[in-house]
$ cat coords28.cif   # mmCIF, C-alpha atoms
data_start
loop_
_atom_site.label_atom_id
_atom_site.label_comp_id
_atom_site.auth_asym_id
_atom_site.auth_seq_id
_atom_site.Cartn_x
_atom_site.Cartn_y
_atom_site.Cartn_z
CA MET F 21 0.00 0.00 0.00
CA SER F 22 1.32 3.47 -0.78
CA THR F 23 2.02 5.83 2.06
CA ALA F 24 0.77 9.40 2.39
CA TYR F 25 2.85 11.52 4.71
CA ASP F 26 1.35 14.37 6.66
CA LEU F 27 4.13 16.82 5.87
CA THR F 28 3.19 19.56 8.28
CA GLY F 29 6.27 19.08 10.46
CA ALA F 30 6.62 17.48 13.88
CA ASP F 31 8.60 17.65 17.08
CA PRO F 32 12.17 16.32 16.86
CA ALA F 33 11.31 13.05 18.58
CA ASP F 34 13.95 10.93 20.24
CA VAL F 35 16.35 13.84 20.56
CA GLY F 36 15.78 15.77 23.77
CA VAL F 37 15.00 19.46 23.37
CA ALA F 38 18.21 20.51 25.08
CA GLU F 39 20.33 18.06 23.08
CA ALA F 40 18.71 19.06 19.79
CA ALA F 41 19.30 22.73 20.52
CA ARG F 42 22.91 22.09 21.49
CA VAL F 43 23.80 20.02 18.44
CA ALA F 44 21.83 22.13 15.98
CA GLY F 45 23.12 25.37 17.43
CA ALA F 46 26.68 24.12 17.38
CA ALA F 47 26.42 23.39 13.68
CA THR F 48 24.70 26.61 12.65
CA ASP F 49 27.94 28.12 11.46
CA TRP F 50 28.15 25.79 8.44
CA ALA F 51 25.30 27.88 7.00
CA ALA F 52 27.40 31.00 7.50
CA ALA F 53 30.31 29.49 5.57
CA ASP F 54 30.45 32.02 2.72
CA PRO F 55 33.19 30.17 0.78
CA TYR F 56 30.87 27.15 0.66
CA SER F 57 27.96 29.14 -0.76
CA ALA F 58 30.23 30.80 -3.29
CA ALA F 59 31.64 27.44 -4.41
CA LEU F 60 28.16 25.98 -4.90
CA ARG F 61 27.09 28.96 -6.95
CA THR F 62 30.06 28.59 -9.29
CA GLY F 63 30.22 24.79 -9.14
CA ARG F 64 33.99 24.93 -8.54
CA GLY F 65 36.52 24.63 -5.73
CA PRO F 66 38.98 24.38 -4.29
CA LEU F 67 37.26 24.26 -0.94
CA PHE F 68 38.41 22.70 2.33
CA LEU F 69 37.44 21.93 5.89
CA ARG F 70 40.30 23.24 8.03
CA ARG F 71 41.01 22.08 11.57
CA ALA F 72 42.50 24.38 14.16
CA ASP F 73 45.90 22.71 13.66
CA GLY F 74 45.85 23.70 9.97
CA TRP F 75 45.04 20.24 8.54
CA LEU F 76 42.90 20.51 5.42
CA LEU F 77 40.22 18.12 4.16
CA PRO F 78 39.41 18.78 0.46
CA LEU F 79 35.72 19.07 -0.36
CA GLU F 80 34.64 17.65 -3.71
CA VAL F 81 32.61 20.60 -4.97
CA GLU F 82 32.85 19.70 -8.66
CA ARG F 83 31.56 16.16 -8.01
CA TRP F 84 28.76 17.45 -5.80
CA CYS F 85 27.66 19.89 -8.50
CA ALA F 86 27.84 17.33 -11.33
CA ARG F 87 25.24 14.73 -12.21
CA ALA F 88 25.01 11.60 -10.08
CA ASP F 89 27.88 9.25 -10.93
CA ALA F 90 28.01 5.44 -10.90
CA ALA F 91 28.70 5.29 -7.15
CA ASP F 92 25.76 7.62 -6.49
CA LEU F 93 23.46 5.55 -8.70
CA ALA F 94 24.36 2.42 -6.73
CA ILE F 95 23.23 4.26 -3.57
CA LEU F 96 19.96 5.32 -5.14
CA ASP F 97 19.26 1.81 -6.40
CA ARG F 98 19.19 0.69 -2.76
CA CYS F 99 16.74 3.36 -1.61
CA GLU F 100 13.30 2.29 -0.45
CA GLY F 101 10.06 4.27 -0.45
CA ALA F 102 10.16 7.99 0.22
CA VAL F 103 13.70 9.35 0.68
CA LEU F 104 15.01 12.18 2.85
CA ASP F 105 18.46 13.44 1.77
CA VAL F 106 20.03 15.12 4.80
CA GLY F 107 22.58 17.76 3.85
CA CYS F 108 21.56 17.44 0.20
CA GLY F 109 24.06 20.08 -0.98
CA PRO F 110 23.46 21.15 -4.58
CA GLY F 111 20.95 18.35 -5.05
CA ARG F 112 22.31 15.81 -7.51
CA LEU F 113 20.82 12.86 -5.60
CA VAL F 114 17.48 14.56 -5.05
CA ALA F 115 17.25 15.45 -8.74
CA GLU F 116 18.09 11.91 -9.86
CA LEU F 117 15.54 10.34 -7.51
CA ALA F 118 12.90 12.85 -8.60
CA ALA F 119 13.61 11.98 -12.23
CA ARG F 120 12.94 8.34 -11.33
CA GLY F 121 9.56 9.33 -9.92
CA ARG F 122 10.61 8.60 -6.34
CA PRO F 123 9.14 10.77 -3.54
CA VAL F 124 12.20 12.64 -2.24
CA LEU F 125 13.02 15.73 -0.22
CA GLY F 126 16.40 17.33 0.35
CA ILE F 127 17.19 19.43 3.38
CA ASP F 128 20.20 21.70 3.78
CA VAL F 129 20.97 24.78 5.84
CA SER F 130 22.71 26.46 2.90
CA GLU F 131 20.47 28.81 0.94
CA ALA F 132 22.73 28.31 -2.10
CA ALA F 133 22.37 24.51 -1.82
CA VAL F 134 18.58 24.66 -1.60
CA ALA F 135 18.40 27.08 -4.55
CA HIS F 136 20.61 24.80 -6.65
CA THR F 137 18.48 21.75 -5.80
CA LEU F 138 15.28 23.56 -6.72
CA GLY F 139 16.90 24.68 -9.96
CA LEU F 140 17.53 21.03 -10.86
CA GLY F 141 13.84 20.27 -10.40
CA GLY F 142 14.22 18.63 -6.99
CA GLN F 143 12.35 19.57 -3.85
CA ALA F 144 14.27 20.95 -0.90
CA LEU F 145 13.83 22.88 2.32
CA ARG F 146 16.31 25.11 4.07
CA ARG F 147 16.22 23.18 7.28
CA SER F 148 18.46 21.47 9.81
CA VAL F 149 18.05 17.76 10.44
CA PHE F 150 17.47 18.76 14.08
CA ASP F 151 14.61 21.11 13.15
CA PRO F 152 11.02 19.85 13.03
CA LEU F 153 10.65 18.19 9.62
CA PRO F 154 7.80 16.97 7.44
CA GLY F 155 6.89 13.31 7.75
CA GLU F 156 8.81 12.58 10.95
CA GLY F 157 8.84 8.87 11.69
CA ARG F 158 7.53 8.04 8.20
CA TRP F 159 10.54 8.26 5.87
CA ALA F 160 11.53 4.89 4.42
CA THR F 161 15.13 5.91 3.64
CA VAL F 162 17.43 8.61 5.00
CA LEU F 163 20.67 9.49 3.20
CA LEU F 164 23.82 10.82 4.91
CA ILE F 165 26.19 11.09 1.93
CA ASP F 166 29.34 13.14 1.19
CA GLY F 167 30.56 13.11 4.78
CA ASN F 168 27.25 14.12 6.35
CA VAL F 169 27.68 11.56 9.14
CA GLY F 170 29.76 14.43 10.55
CA ILE F 171 26.80 16.79 10.99
CA GLY F 172 26.83 18.41 14.42
CA GLY F 173 29.98 16.64 15.56
CA ASP F 174 27.96 14.15 17.63
CA PRO F 175 27.41 10.80 15.85
CA LEU F 176 25.18 9.33 18.56
CA ALA F 177 22.84 12.34 18.53
CA LEU F 178 22.67 12.22 14.74
CA LEU F 179 21.88 8.48 14.73
CA ARG F 180 19.15 8.98 17.33
CA ARG F 181 17.65 11.77 15.28
CA THR F 182 17.84 9.72 12.10
CA ALA F 183 16.07 6.79 13.77
CA ALA F 184 13.28 9.16 14.82
CA LEU F 185 12.80 10.25 11.20
CA LEU F 186 12.55 6.71 9.81
CA VAL F 187 9.68 4.26 9.81
CA PRO F 188 10.29 1.23 12.04
CA GLY F 189 12.67 -0.96 10.07
CA GLY F 190 13.64 2.03 7.91
CA LEU F 191 16.92 2.31 6.04
CA LEU F 192 19.84 4.67 6.63
CA ILE F 193 22.51 4.81 3.91
CA ALA F 194 25.65 6.64 5.03
CA GLU F 195 28.95 7.39 3.34
CA THR F 196 31.94 6.90 5.62
CA ALA F 197 35.54 8.01 5.42
CA PRO F 198 37.78 5.65 3.40
CA VAL F 199 40.08 5.25 6.42
CA ASP F 200 39.53 3.90 9.92
CA VAL F 201 38.99 7.19 11.71
CA ASP F 202 36.82 8.41 14.57
CA GLU F 203 37.45 12.05 15.24
CA ARG F 204 35.54 15.12 16.26
CA ALA F 205 37.02 18.54 15.79
CA GLU F 206 36.26 22.21 15.35
CA VAL F 207 36.56 23.05 11.65
CA GLU F 208 35.92 25.97 9.35
CA VAL F 209 35.23 26.12 5.63
CA VAL F 210 38.00 27.83 3.68
CA GLY F 211 38.93 28.45 0.08
CA PRO F 212 42.42 28.10 -1.38
CA PRO F 213 45.31 29.45 0.71
CA GLY F 214 45.53 33.21 0.41
CA ALA F 215 42.02 33.57 -0.98
CA GLY F 216 40.64 35.06 2.22
CA GLY F 217 37.16 34.53 3.56
CA THR F 218 36.29 31.71 5.94
CA GLY F 219 33.24 30.49 7.74
CA ARG F 220 33.18 30.45 11.52
CA ALA F 221 34.38 27.34 13.33
CA PHE F 222 31.84 24.61 14.02
CA PRO F 223 31.92 20.99 15.30
CA TRP F 224 32.29 18.22 12.73
CA ALA F 225 33.03 14.49 12.84
CA ARG F 226 34.88 12.10 10.53
CA LEU F 227 33.92 8.45 10.82
CA GLY F 228 35.21 5.38 9.05
CA THR F 229 32.95 2.36 8.71
CA PRO F 230 34.25 0.63 11.88
CA ALA F 231 33.52 3.75 13.94
CA LEU F 232 30.00 4.15 12.56
CA LEU F 233 29.31 0.49 13.24
CA ARG F 234 30.42 0.98 16.84
CA TYR F 235 28.07 3.93 17.30
CA ALA F 236 25.23 2.06 15.60
CA GLY F 237 25.82 -0.86 17.97
CA ARG F 238 25.03 1.45 20.88
CA GLY F 239 21.61 2.17 19.39
CA ASP F 240 18.71 0.30 17.86
CA TRP F 241 20.35 -0.49 14.48
CA ARG F 242 21.38 -3.56 12.53
CA THR F 243 23.73 -3.72 9.57
CA ALA F 244 21.98 -4.01 6.20
CA GLY F 245 24.94 -3.75 3.83
CA GLN F 246 28.47 -2.49 3.36
CA TRP F 247 30.27 -1.71 0.09
CA THR F 248 32.87 0.42 -1.64
CA ALA F 249 32.90 2.19 -5.00
CA GLY F 250 36.30 3.46 -6.07
CA ASP F 251 37.66 5.29 -3.04
CA ARG F 252 34.21 5.83 -1.51
CA CYS F 253 32.82 3.69 1.32
CA PHE F 254 29.19 3.11 2.26
CA LEU F 255 27.24 1.51 5.06
CA ALA F 256 23.53 0.68 5.17
CA LEU F 257 21.85 0.40 8.56
CA ARG F 258 18.29 -0.55 9.40
CA THR F 259 16.34 0.33 12.53
CA ARG F 260 15.43 -2.73 14.57
CA SER F 261 12.27 -1.35 16.15
CA ALA F 262 9.01 -3.01 15.17
CA ARG F 263 5.74 -1.14 15.35
CA SER F 264 3.16 -2.51 17.73
CA SER F 265 0.51 -4.58 15.97
CA ALA F 266 -2.08 -2.43 17.74
CA GLU F 267 -0.81 0.67 15.99
CA PRO F 268 -2.50 1.38 12.64
CA PRO F 269 -0.14 1.52 9.66
CA LYS F 270 1.02 4.93 8.49
CA SER F 271 0.34 5.99 4.93
CA THR F 272 3.23 6.86 2.43
CA ALA F 273 4.61 10.17 1.54
CA VAL F 274 2.94 12.54 -0.78
CA ILE F 275 5.48 15.26 -1.49
CA SER F 276 3.76 18.60 -1.83
CA SER F 277 4.78 20.80 -4.73
CA GLN F 278 4.39 23.70 -2.33
CA TRP F 279 7.90 22.92 -1.05
CA ALA F 280 9.45 23.99 -4.32
CA ARG F 281 7.59 27.27 -4.15
CA ASN F 282 8.48 27.93 -0.52
CA PRO F 283 11.89 26.61 0.51
CA SER F 284 11.50 28.26 3.95
CA ALA F 285 14.62 30.33 3.43
CA GLU F 286 13.42 32.71 6.12
CA ARG F 287 13.64 30.03 8.81
CA PRO F 288 16.50 30.01 11.30
CA VAL F 289 18.95 27.36 10.15
CA ALA F 290 21.14 25.12 12.13
CA ASP F 291 23.34 22.50 10.60
CA ARG F 292 24.37 21.01 7.33
#
$ encode --input "coords28.cif" --output "structure tokens"
Amino acid sequence: MSTAYDLTGADPADVGVAEAARVAGAATDWAAADPYSAALRTGRGPLFLRRADGWLLPLEVERWCARADAADLAILDRCEGAVLDVGCGPGRLVAELAARGRPVLGIDVSEAAVAHTLGLGGQALRRSVFDPLPGEGRWATVLLIDGNVGIGGDPLALLRRTAALLVPGGLLIAETAPVDVDERAEVEVVGPPGAGGTGRAFPWARLGTPALLRYAGRGDWRTAGQWTAGDRCFLALRTRSARSSAEPPKSTAVISSQWARNPSAERPVADR
């Protein structure tokens, strides 16, 4: 049976109010990262996350702004039902899923990212994952791709929030770092050395697959798949929770075209 989501927004269940405010507030500064917005508008880097010690992590702006590649398509082939792309960036995955006729919504705190996604014909809201969102507890698949397991710098809080967004037994597909790493750090978005202009520092996390599996093991998740594509690594997790038989089934998502007309750019934003 198809599902019809009531997309009026809901409370951020399973993440306490104080915790949601802390994590979301801590990550707000990604949205203020002017070099990031500028790079999305031009579709070009170089762009980096820079730690306080000067270490730089290159961000793949050109790939993000291109069409979905073979590795991306393999992700999308695994998606089930209605899909929420958290930190959708310029929207290549949202656009590809929409072209397939799949109900899909992207969320991102970057106004430039939301505008780019809408321009590709996808639907997107300028929203943090820790904000109230349409269809809470009724998404069949949530995507955390392109390093977005780092959102907020608190993997456990992000996993709890993701579980609250999914239907019982729902699917999370996450991209992990291609090395065995588990680190949290203050970072800022910067352009090439000497270019000037940085975003303010904000918490971020880098997780390899072993680290994400450890965090998932502390919650109500089971492993649903693990694969690599080139130098990219992916992990699929499924929530274990089963809905009570006394609870009536939810209907599936109907994505309102109103989202494309009103990306809620006036809303306070919190994290990428």
$ closest_residue --input "coords28.cif" --among "F:Gly74, F:Ala91, F:Leu140, F:Ala184" --to "F:Thr248" --atoms "all atoms listed in the file"
F:Ala91
$ atom_distance --input "coords28.cif" --atom1 "atom CA of F:Arg120" --atom2 "atom CA of F:Thr243"
26.4 Å
$ resolve_selection --input "coords28.cif" --expression "the PyMOL selection byres ((chain F and resi 99) around 12)" --output "CSV table (one decimal) with C-alpha atoms, keeping the file's coordinate frame"
chain,number,residue,atom,x,y,z
F,92,ASP,CA,25.8,7.6,-6.5
F,93,LEU,CA,23.5,5.6,-8.7
F,94,ALA,CA,24.4,2.4,-6.7
F,95,ILE,CA,23.2,4.3,-3.6
F,96,LEU,CA,20.0,5.3,-5.1
F,97,ASP,CA,19.3,1.8,-6.4
F,98,ARG,CA,19.2,0.7,-2.8
F,100,GLU,CA,13.3,2.3,-0.4
F,101,GLY,CA,10.1,4.3,-0.4
F,102,ALA,CA,10.2,8.0,0.2
F,103,VAL,CA,13.7,9.4,0.7
F,104,LEU,CA,15.0,12.2,2.8
F,105,ASP,CA,18.5,13.4,1.8
F,113,LEU,CA,20.8,12.9,-5.6
F,114,VAL,CA,17.5,14.6,-5.0
F,116,GLU,CA,18.1,11.9,-9.9
F,117,LEU,CA,15.5,10.3,-7.5
F,120,ARG,CA,12.9,8.3,-11.3
F,122,ARG,CA,10.6,8.6,-6.3
F,123,PRO,CA,9.1,10.8,-3.5
F,124,VAL,CA,12.2,12.6,-2.2
F,159,TRP,CA,10.5,8.3,5.9
F,160,ALA,CA,11.5,4.9,4.4
F,161,THR,CA,15.1,5.9,3.6
F,162,VAL,CA,17.4,8.6,5.0
F,163,LEU,CA,20.7,9.5,3.2
F,190,GLY,CA,13.6,2.0,7.9
F,191,LEU,CA,16.9,2.3,6.0
F,192,LEU,CA,19.8,4.7,6.6
F,193,ILE,CA,22.5,4.8,3.9
F,194,ALA,CA,25.6,6.6,5.0
F,244,ALA,CA,22.0,-4.0,6.2
F,256,ALA,CA,23.5,0.7,5.2
F,257,LEU,CA,21.8,0.4,8.6
F,258,ARG,CA,18.3,-0.6,9.4
$ residues_near_point --input "coords28.cif" --point "(25.5, 32.3, -5.6)" --cutoff "8 Å" --atoms "only C-alpha atoms" --output "PDB file with C-alpha atoms, keeping the file's coordinate frame"
ATOM      1  CA  SER F  57      27.960  29.140  -0.760  1.00  0.00           C
ATOM      2  CA  ALA F  58      30.230  30.800  -3.290  1.00  0.00           C
ATOM      3  CA  ALA F  59      31.640  27.440  -4.410  1.00  0.00           C
ATOM      4  CA  LEU F  60      28.160  25.980  -4.900  1.00  0.00           C
ATOM      5  CA  ARG F  61      27.090  28.960  -6.950  1.00  0.00           C
ATOM      6  CA  THR F  62      30.060  28.590  -9.290  1.00  0.00           C
ATOM      7  CA  ALA F 132      22.730  28.310  -2.100  1.00  0.00           C
TER       8      ALA F 132
END
$ atom_distance --input "coords28.cif" --atom1 "atom CA of F:Ala197" --atom2 "atom CA of F:Pro223"
16.7 Å
$ residues_around --input "coords28.cif" --residues "F:Ile127" --least-positions-apart "5" --cutoff "10 Å" --atoms "all atoms listed in the file" --output "PyMOL selection string"
chain F and resi 104-109+111+114+133-134+137+143-149+153+283+291-292
$ closest_residue --input "coords28.cif" --among "F:Gly65, F:Gly173, F:Pro110, F:Gly157" --to "F:Leu227" --atoms "all atoms listed in the file"
F:Gly173
$ resolve_selection --input "coords28.cif" --expression "the PyMOL selection byres ((chain F and resi 224) around 8)" --output "ChimeraX atom specification"
/F:47,170-174,204-207,222-223,225-226
$ closest_residue --input "coords28.cif" --among "F:Arg260, F:Arg70, F:His136, F:Arg234" --to "F:Ala86" --atoms "all atoms listed in the file"
F:His136
$ closest_residue --input "coords28.cif" --among "F:Gly121, F:Arg71, F:Gly155, F:Gly63" --to "F:Trp84" --atoms "only C-alpha atoms"
F:Gly63
$ atom_distance --input "coords28.cif" --atom1 "atom CA of F:Ala231" --atom2 "atom CA of F:Glu208"
22.8 Å
$ residues_around --input "coords28.cif" --residues "F:Tyr235" --least-positions-apart "6" --cutoff "12 Å" --atoms "all atoms listed in the file" --output "count of residues only"
16
$ closest_residue --input "coords28.cif" --among "F:Ile165, F:Leu186, F:Val209, F:Leu255" --to "F:Pro66" --atoms "only C-alpha atoms"
F:Val209
$ closest_residue --input "coords28.cif" --among "F:Ala135, F:Leu69, F:Ala236, F:Val129" --to "F:Phe150" --atoms "only C-alpha atoms"
F:Val129
